[in-house]
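Remarks on the structure that follows.
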Amino acid sequence: MEKQDHVHVAILPLPAVGHVNSMLNLAELLGHAGIKITFLNTEHYYDRVIRHSSDAFSRYMQIPGFQFKTLTDGLPRDHPRTPDKFPELVDSLNCATPPLLKEMVSDSKSPVNCIITDGYMSRAIDAAREVGVSIIYFRTISACAFWSFHCIPDIIDAGELPIKGTEDMDRLITTVPGMEGFLRCRDLPSFCRVNDPMDPHLLLFARETRLSAHADGLILNTFEDLEGPILSQIRNHSCPNIYSIGPLNAHLKVRIPEKTYSSSSLWKIDRSCMAWLDKQPKQSVIYVSFGSIAVMSRDQLIEFYYGLVHSKKNFLWVIRPDLISGKDGENQIPEELLEATKERGCIAGWVPQEEVLAHSAVGGFLTHCGWNSTLESIVAGMPMICWPSFADQQINSRFVGEVWKLGLDIKDLCDRNIVEKTVNDLMVERKEEFMESADRMANLAKKSVNKGGSSYCNLDRLVNDIKMMSSQPQNC
Ligand code: UDP
């Protein structure tokens with residue numbers, strides 16, 4: 001890819017670990033292709049990251065033309081910014097960002113000539129059109145989640161939503177093309193679990209997803225061999241111009257082989273778990289993590305704990321400081337868990353996940369099925385036990401279990417006997433079957449990002465399109 005100095009892209013993620021990290025991966029790939037990048041973080045997110053690791057973003061500064069800028073999210077300082085307030089954050093960001101984007105486009109020294117934003121920034125489209133630059137959306141979720149979000153108005157029109165009272169959650173949903181026959185009520189994104197079709201979360205996700213079709217293109221962190229049939233549905237019915245360029249973490253390693261592990265994090269990374277893993281036998285450890293946002297009650301934690309202990313497998317468990325929900329004083333790791341864990345477990349506040357998944361001692365991943373974790377597990381060839389918490393995780397886990405056959409989905413169940421049994425099924429009884437399909441998919445993932453693969457070619461096309469769009473003013 002040739003160097004073109006006049007191409008300047010502004011990249012704006014939502015302020016959450018999964019969103020920022022996958023957009024940083026994209027930014028690094030584009031920067032490597034000679035595109036000047038301005039990466040925008042909200043002040044609140046940037047400050048939280050820097051507090052734990054002052055050099056978290058410094059590596060990117062070595063990429064020629066790469067710079068960071070911060071912007072306000074428009075919320076008051078003391079706003080909790082918790083997941084339940086997500087619509088407020090999205091609305092506020094949508095109001096706060098267009099003036100800044102317009103300013104960056106009209107900058108006299110180094111004007112921005114293409115904008116890539118998180119798919120939730122629907123108002124950025126109007127700003128881009130006003131000032132005549134192209135805009136591409138990046139949705140950091142799976143294609144299957146995107147497609148189900150897109151179909152929500154149709155599911156409502158068909159009377160399959162809202163969920164009525166205490167009805168059977170195994171009822172099949174028939175109005176998501178390509179998912180007939182296996183998509184159950186319980187597999188729909190968590191915000192569909194409401195009785196009111198006017199629920200603000202439900203409306204927000206459906207509205208923002210439908211608006212994605214108005215952008216000049218849609219980037220997805222996925223690959224054709226994994227989600228080809230669903231990508232075709234999206235191309236045919238919503239966004240014709242899709243760039244499926246994932247898995248981004250694997251893609252980076254191909255394009256920039258010297259890249260070392262690095263991602264922004266809101267907690268200090270505890271590397272001592274790697275020394276603990278070094279002492280464990282091959283494929284003996286189940287790695288447990290529920291990502292950066294999901295919370296669980298103390299009772300749920302205890303069920304998982306006994307399930308893990310009774311499974312007789314060694315475990316590495318990420319327990320973030322804010323994982324356990326509850327009133328003050330209740331959200332500490334229970335003493336019984338800390339004591340008994342010493343024998344067969346290792347607990348850490350935050351780990352280098354990609355390195356953990358690649359470690360030969362790890363033989364399974366108990367995950368919440370956030371999209372980044374799911375992809376990282378696929379790349380590492382690691383079978384999964386899925387216990388989804390919210391948003392797209394419910395549908396990701398259905399695909400992991402039922403469509404891709406990469407693991408076992410235990411959504412909506414939290415029982416020590418089930419945890420014990422599934423850990424044993426995954427790592428003992430059905431180990432060969434799952435290892436084989438995980439290996440197969442890992443190879444397809446690698447093929448897609450290697451020269452000539454679908455994601456590799458799509459990234460080249462994205463870079464060329466950005467360069468071409470940047471040299472031509474867009475319709476105002
Ligand atoms: N992660 C990590 N260390 C941990 C736990 C998670 O680096 O101890 C990373 C993980 O590799 C992934 C991200 O945090 O890239 C979580 O993103 P995901 O989409 O899986 O879930 P979310 O946090 O958005 O729910």
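Residue numbering restarts at 1 for every chain of the structure tokens, chains are lettered A, B, ... in their displayed order, and ligands are numbered from 1 as they appear.
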Selection near stretch 342-356 of chain A, 9 Å with only C-alpha atoms, sequence-local residues under 4 positions removed, as a compact mmCIF listing (two decimals) with C-alpha atoms, in the first residue's frame:
# COMPACT_ATOMS: atom_id res chain seq x y z
CA ASN A 249 -5.97 -8.97 16.51
CA TYR A 261 0.74 -7.45 22.97
CA SER A 262 -0.83 -4.18 23.98
CA SER A 263 -4.30 -2.79 24.62
CA SER A 265 -7.20 -1.12 29.95
CA LEU A 266 -9.00 0.45 32.86
CA TRP A 267 -7.19 -1.75 35.37
CA LYS A 268 -3.58 -2.59 36.08
CA ILE A 269 -2.50 -5.71 34.19
CA ASP A 270 -1.38 -8.50 36.54
CA ARG A 271 1.28 -10.50 34.71
CA SER A 272 2.00 -12.85 37.61
CA CYS A 273 -0.67 -15.21 36.25
CA MET A 274 1.67 -16.03 33.35
CA TRP A 276 1.44 -19.48 37.39
CA LEU A 277 0.32 -20.77 33.98
CA VAL A 285 -6.53 -24.86 32.97
CA TYR A 287 -9.60 -19.54 31.91
CA SER A 289 -13.35 -13.97 32.43
CA VAL A 309 -13.70 -26.43 42.32
CA LYS A 312 -11.33 -30.63 39.62
CA LYS A 313 -9.78 -28.52 36.88
CA ASN A 314 -7.29 -25.76 37.66
CA PHE A 315 -8.59 -22.32 36.88
CA LEU A 316 -7.41 -18.79 36.18
CA TRP A 317 -10.19 -16.37 37.01
CA VAL A 318 -10.30 -12.63 36.25
CA ILE A 319 -12.18 -10.94 39.07
CA ARG A 320 -12.14 -7.20 38.31
CA PRO A 321 -12.45 -4.88 41.31
CA LEU A 337 -13.09 -18.35 47.78
CA LEU A 338 -9.70 -16.74 48.33
CA SER A 360 -0.35 -24.06 26.17
CA ALA A 361 -1.62 -24.67 29.73
CA VAL A 362 -5.08 -23.29 28.89
CA SER A 373 -13.25 -12.24 23.68
CA GLU A 376 -9.71 -13.87 20.51
CA SER A 377 -10.80 -17.35 21.59
CA ALA A 380 -6.41 -19.09 19.76
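Once A:His8 and its same-chain neighbours fewer than 2 positions away are set aside, Lys36, Ile37, Val112 and Asn113 of chain A remain within 6 Å of it when counting only C-alpha atoms.
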Exercise for the section: May I ask for the distance between atom CA of A:Cys369 and atom CA of A:His52, given in Å to one decimal place? Expected result: 25.4 Å
Practice task
Name the residues in contact with A:Asp154 at a cut-off of 12 Å, using only C-alpha atoms, excluding same-chain residues fewer than 6 positions from it; report them as an MDAnalysis selection string.
Solution key: chainID A and resid 147:148 160:162 173:177 197 206 210
Completion exercise
Min atom-atom distance to A:Phe138 from the set A:Arg123, A:Arg184, A:His19, A:Arg461, counting only C-alpha atoms, belongs to A:His19
Handout entry: Which of stretch 293-335 of chain A fall in strand (DSSP E or B), as a ChimeraX atom specification
Key = /A:296,314-318,324
